[in-house]
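Everything on this sheet refers to the single structure shown next.
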Amino acid sequence: DAGVIQSPRHEVTEMGQEVTLRCKPISGHNSLFWYRQTMMRGLELLIYFNNNVPIDDSGMPEDRFSAKMPNASFSTLKIQPSEPRDSAVYFCASSFGGASYNEQFFGPGTRLTVL
Amino acid sequence: GNSVTQMEGPVTLSEEAFLTINCTYTATGYPSLFWYVQYPGEGLQLLLKATKADDKGSNKGFEATYRKETTSFHLEKGSVQVSDSAVYFCALSGSGGSNYKLTFGKGTLLTVNP
């Protein structure tokens with residue numbers, strides 16, 4: 001069974017450009033999480049969806065960041081306009097059931113570099 | 001709020017050495033505790049978990065015991081292998097309405113040399 005799929009794996013862009021990261025969760029999972037990983041701040045939860053509905057977006061840094069989940073098998077995280085401080089690895093994770101004692105399965109991540 | 005403190009790495013060991021990675025936490029309520037592992041170029045994978053005090057989580061030779069009195073969840077392995085080289089993250093769950101939320105430590109890089 002395929003795990004969580006993320007694309008692209010690497011993205012290099014220039015400041016001011018729009019960036020879209022994509023995620024396909026594991027089939028049957030109803031919870032989806034977007035995380036950001038940096039050396040300075042570690043791993044941070046950006047947004048949590050349950051049954052395609054955003055439940056907690058308090059971790060989204062600012063209005064430049066937006067996330068959607070139009071259906072159970074696809075989610076996007078968009079940054080517009082991008083800035084160098086957005087450079088990080090972005091992970092998508094999914095689980096069955098939202099409670100954290102339900103194992104979260106992580107994708108391989110997208111390494112974003114904003115020049 | 002919730003927080004997790006892990007020993008700073010990197011940790012470098014020889015094969016078959018004993019491993020301890022310390023983790024302490026601050027939390028409200030009764031969190032569950034986790035260790036995740038991240039191999040190079042991959043996402044995080046759940047290694048083990050414990051959901052209540054005195055529980056021991058174990059997997060692949062790794063163990064950790066949920067110690068409420070010392071607010072600790074130290075990771076141990078009796079004999080490490082080169083293939084254990086990875087970054088290890090301690091994490092705890094939120095409680096109540098935030099029980100979906102994981103708070104992670106900064107991670108500890110382990111390198112095992114042959």
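Here, A, B, ... name the chains of the structure tokens in the order displayed, residue numbers run from 1 inside each chain, and ligands are numbered from 1 in the same displayed order.
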
For this session: Kindly provide, as a ChimeraX atom specification, the residues of chain B having any atom no farther than 7 Å from an atom of chain A, counting only C-alpha atoms.
Result: /B:32,41-46,93,99-102,104,106

Go ahead and dump the residues you just picked, C-alpha atoms, as a JSON list (two decimals), in the first residue's frame.
[["chain", "number", "residue", "atom", "x", "y", "z"],
["B", 32, "SER", "CA", 0.56, 10.12, 25.55],
["B", 41, "GLY", "CA", 15.76, 11.72, 3.27],
["B", 42, "GLU", "CA", 12.57, 10.29, 4.73],
["B", 43, "GLY", "CA", 9.62, 11.39, 6.79],
["B", 44, "LEU", "CA", 9.15, 10.58, 10.45],
["B", 45, "GLN", "CA", 8.05, 7.09, 11.50],
["B", 46, "LEU", "CA", 6.52, 6.12, 14.80],
["B", 93, "SER", "CA", 0.14, 14.57, 22.71],
["B", 99, "ASN", "CA", -5.63, 15.61, 21.61],
["B", 100, "TYR", "CA", -4.72, 15.56, 17.91],
["B", 101, "LYS", "CA", -1.75, 17.83, 18.51],
["B", 102, "LEU", "CA", 1.79, 16.48, 18.82],
["B", 104, "PHE", "CA", 7.97, 17.49, 19.27],
["B", 106, "LYS", "CA", 14.18, 19.31, 18.60]]

Problem set entry | All residues 8 Å or closer to Glu14 in chain A, only C-alpha atoms, same chain fewer than 6 positions away omitted, as a ChimeraX atom specification | /A:82-83,114-115

For this session: Give me the residues within 7 Å of Thr76 in chain A as a PyMOL selection string, counting only C-alpha atoms and dropping any in the same chain fewer than 5 places off.
Result: chain A and resi 20-23+67-69

Problem set entry | Point-to-point distance in Å for CA of Pro54 in chain A and CA of Gln38 in chain B | 26.6 Å

All residues 9 Å or closer to Asn51 in chain A, only C-alpha atoms, same chain fewer than 3 positions away omitted, as a short mmCIF file (atom, residue, chain, number, x, y, z; two decimals) with all heavy atoms, in the first residue's frame:
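Saved to part_21.cif:
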data_model
loop_
_atom_site.label_atom_id
_atom_site.label_comp_id
_atom_site.auth_asym_id
_atom_site.auth_seq_id
_atom_site.Cartn_x
_atom_site.Cartn_y
_atom_site.Cartn_z
N HIS A 29 -7.63 7.21 5.42
CA HIS A 29 -7.33 8.10 6.54
C HIS A 29 -8.21 9.35 6.46
O HIS A 29 -8.44 9.88 5.38
CB HIS A 29 -5.86 8.50 6.52
CG HIS A 29 -4.95 7.43 7.02
ND1 HIS A 29 -3.60 7.63 7.20
CD2 HIS A 29 -5.19 6.14 7.37
CE1 HIS A 29 -3.05 6.51 7.66
NE2 HIS A 29 -4.00 5.60 7.76
N ASN A 30 -8.69 9.81 7.61
CA ASN A 30 -9.59 10.96 7.60
C ASN A 30 -8.99 12.20 8.28
O ASN A 30 -9.67 13.21 8.42
CB ASN A 30 -10.92 10.60 8.26
CG ASN A 30 -10.77 10.24 9.73
OD1 ASN A 30 -9.66 10.05 10.22
ND2 ASN A 30 -11.87 10.16 10.45
N SER A 31 -7.74 12.09 8.70
CA SER A 31 -7.08 13.25 9.32
C SER A 31 -5.80 13.55 8.56
O SER A 31 -5.07 12.63 8.18
CB SER A 31 -6.74 12.97 10.79
OG SER A 31 -7.93 12.84 11.55
N LEU A 32 -5.56 14.84 8.34
CA LEU A 32 -4.37 15.24 7.60
C LEU A 32 -3.72 16.43 8.30
O LEU A 32 -4.40 17.34 8.79
CB LEU A 32 -4.75 15.63 6.16
CG LEU A 32 -3.56 15.96 5.24
CD1 LEU A 32 -3.75 15.33 3.86
CD2 LEU A 32 -3.33 17.44 5.15
N PRO A 54 -10.85 22.12 7.87
CA PRO A 54 -9.76 22.62 8.71
C PRO A 54 -10.24 22.80 10.15
O PRO A 54 -11.20 23.52 10.39
CB PRO A 54 -9.39 23.95 8.06
CG PRO A 54 -10.61 24.36 7.30
CD PRO A 54 -11.30 23.11 6.88
N ASN A 71 -10.88 17.29 -1.26
CA ASN A 71 -11.47 15.96 -1.12
C ASN A 71 -10.57 15.11 -0.24
O ASN A 71 -9.48 15.57 0.17
CB ASN A 71 -11.69 15.31 -2.49
CG ASN A 71 -10.41 15.20 -3.30
OD1 ASN A 71 -9.45 14.56 -2.88
ND2 ASN A 71 -10.38 15.87 -4.45
N ALA A 72 -11.00 13.91 0.04
CA ALA A 72 -10.30 13.07 1.01
C ALA A 72 -8.94 12.59 0.53
O ALA A 72 -8.17 12.04 1.32
CB ALA A 72 -11.18 11.87 1.37
#

For this session: Return as an MDAnalysis selection string the full set of residues in chain A whose backbone-based DSSP assignment is strand (DSSP E or B).
Result: chainID A and resid 5:7 10:13 19:24 31:38 42:50 53:56 65:71 74:79 88:95 105:106 110:114

Exercise. With only C-alpha atoms as the atoms that count, which of B:Thr103, B:Gln6, B:Ser79, B:Ser95 lies nearest to Leu19 in chain B?
Worked result: B:Ser79

For this session: Kindly give the distance, in Å, that separates CA of Met15 in chain A and CA of Met60 in chain A, rounded to a single decimal.
Result: 18.8 Å

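Checking B:Val11, B:Ala53, B:Ala86, B:Leu92 one by one against Ala27 in chain B, counting only C-alpha atoms, you find the shortest gap at B:Leu92.
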
Exercise. Excluding same-chain residues fewer than 3 positions from Asp84 in chain B, what lies within 8 Å of it counting only C-alpha atoms, as a PyMOL selection string?
Worked result: chain B and resi 80-81+110-112

For this session: May I have the residues within 7 Å of Lys24 in chain A as a PyMOL selection string, using only C-alpha atoms and disregarding those fewer than 6 positions away in the same chain?
Result: chain A and resi 4-6+73-75

Using N, CA and C atoms, can you export the residues from the last selection as a PDB file, in the first residue's frame?
ATOM      1  N   VAL A   4       2.013   8.067   2.362  1.00  0.00           N
ATOM      2  CA  VAL A   4       1.664   9.443   2.058  1.00  0.00           C
ATOM      3  C   VAL A   4       2.583   9.934   0.932  1.00  0.00           C
ATOM      4  N   ILE A   5       1.995  10.534  -0.064  1.00  0.00           N
ATOM      5  CA  ILE A   5       2.755  10.984  -1.231  1.00  0.00           C
ATOM      6  C   ILE A   5       2.784  12.511  -1.238  1.00  0.00           C
ATOM      7  N   GLN A   6       3.966  13.057  -1.390  1.00  0.00           N
ATOM      8  CA  GLN A   6       4.125  14.504  -1.470  1.00  0.00           C
ATOM      9  C   GLN A   6       4.854  14.875  -2.754  1.00  0.00           C
ATOM     10  N   SER A  73      -8.635  12.778  -0.750  1.00  0.00           N
ATOM     11  CA  SER A  73      -7.398  12.213  -1.269  1.00  0.00           C
ATOM     12  C   SER A  73      -6.399  13.263  -1.736  1.00  0.00           C
ATOM     13  N   PHE A  74      -6.629  14.534  -1.379  1.00  0.00           N
ATOM     14  CA  PHE A  74      -5.731  15.552  -1.896  1.00  0.00           C
ATOM     15  C   PHE A  74      -5.754  16.801  -1.020  1.00  0.00           C
ATOM     16  N   SER A  75      -4.554  17.337  -0.777  1.00  0.00           N
ATOM     17  CA  SER A  75      -4.452  18.599  -0.046  1.00  0.00           C
ATOM     18  C   SER A  75      -3.316  19.418  -0.638  1.00  0.00           C
TER      19      SER A  75
END

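Here CA of Val19 in chain A is placed at a distance of 21.6 Å from CA of Ser94 in chain A.
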
Problem set entry | Surrounding residues of Ala50 in chain B excluding itself and chain neighbours under 2 positions, 9 Å, only C-alpha atoms, as a PyMOL selection string | (chain A and resi 101) or (chain B and resi 32-34+48+52-58+64-66+73)

Would you put the residues from that selection into a file with N, CA and C atoms, as a short mmCIF file (atom, residue, chain, number, x, y, z; two decimals), in the first residue's frame?
data_model
loop_
_atom_site.label_atom_id
_atom_site.label_comp_id
_atom_site.auth_asym_id
_atom_site.auth_seq_id
_atom_site.Cartn_x
_atom_site.Cartn_y
_atom_site.Cartn_z
N TYR A 101 -3.03 9.60 19.67
CA TYR A 101 -2.63 8.22 19.92
C TYR A 101 -2.88 7.34 18.71
N SER B 32 -0.15 11.30 26.03
CA SER B 32 0.56 10.12 25.55
C SER B 32 1.95 10.58 25.11
N LEU B 33 2.91 9.66 25.16
CA LEU B 33 4.29 9.98 24.82
C LEU B 33 4.76 9.09 23.68
N PHE B 34 5.61 9.65 22.83
CA PHE B 34 6.01 8.97 21.60
C PHE B 34 7.51 9.18 21.34
N LEU B 48 7.84 4.03 18.87
CA LEU B 48 7.12 3.43 19.97
C LEU B 48 6.31 4.49 20.69
N LYS B 52 0.04 5.78 29.12
CA LYS B 52 -0.22 6.14 30.51
C LYS B 52 1.01 5.86 31.36
N ALA B 53 1.00 6.43 32.56
CA ALA B 53 2.14 6.31 33.46
C ALA B 53 2.51 4.86 33.70
N ASP B 54 3.84 4.61 33.71
CA ASP B 54 4.44 3.30 33.95
C ASP B 54 4.34 2.36 32.77
N ASP B 55 3.68 2.76 31.71
CA ASP B 55 3.67 1.97 30.48
C ASP B 55 5.07 1.95 29.89
N LYS B 56 5.43 0.81 29.29
CA LYS B 56 6.69 0.72 28.55
C LYS B 56 6.35 0.49 27.09
N GLY B 57 6.86 1.36 26.24
CA GLY B 57 6.75 1.14 24.80
C GLY B 57 8.02 0.46 24.32
N SER B 58 7.87 -0.43 23.33
CA SER B 58 9.05 -1.12 22.81
C SER B 58 8.84 -1.48 21.35
N ALA B 64 11.18 2.53 26.00
CA ALA B 64 11.05 3.77 26.76
C ALA B 64 9.92 3.59 27.75
N THR B 65 10.10 4.07 28.97
CA THR B 65 9.09 3.93 30.02
C THR B 65 8.56 5.30 30.40
N TYR B 66 7.27 5.42 30.47
CA TYR B 66 6.55 6.65 30.82
C TYR B 66 6.66 6.84 32.34
N PHE B 73 10.74 10.27 29.54
CA PHE B 73 10.44 9.17 28.61
C PHE B 73 11.73 8.89 27.84
#

For this session: List every residue of chain B that DSSP, applied to the backbone, labels as helix (DSSP H, G or I), and write the result as JSON, numbers by chain.
Result: {"B": [82, 83, 84, 96, 97, 98]}

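Shortest separation to Val87 in chain B among B:Pro10, B:Gly107, B:Gly1, B:Pro114 occurs at residue B:Gly107, atoms counted being only C-alpha atoms.
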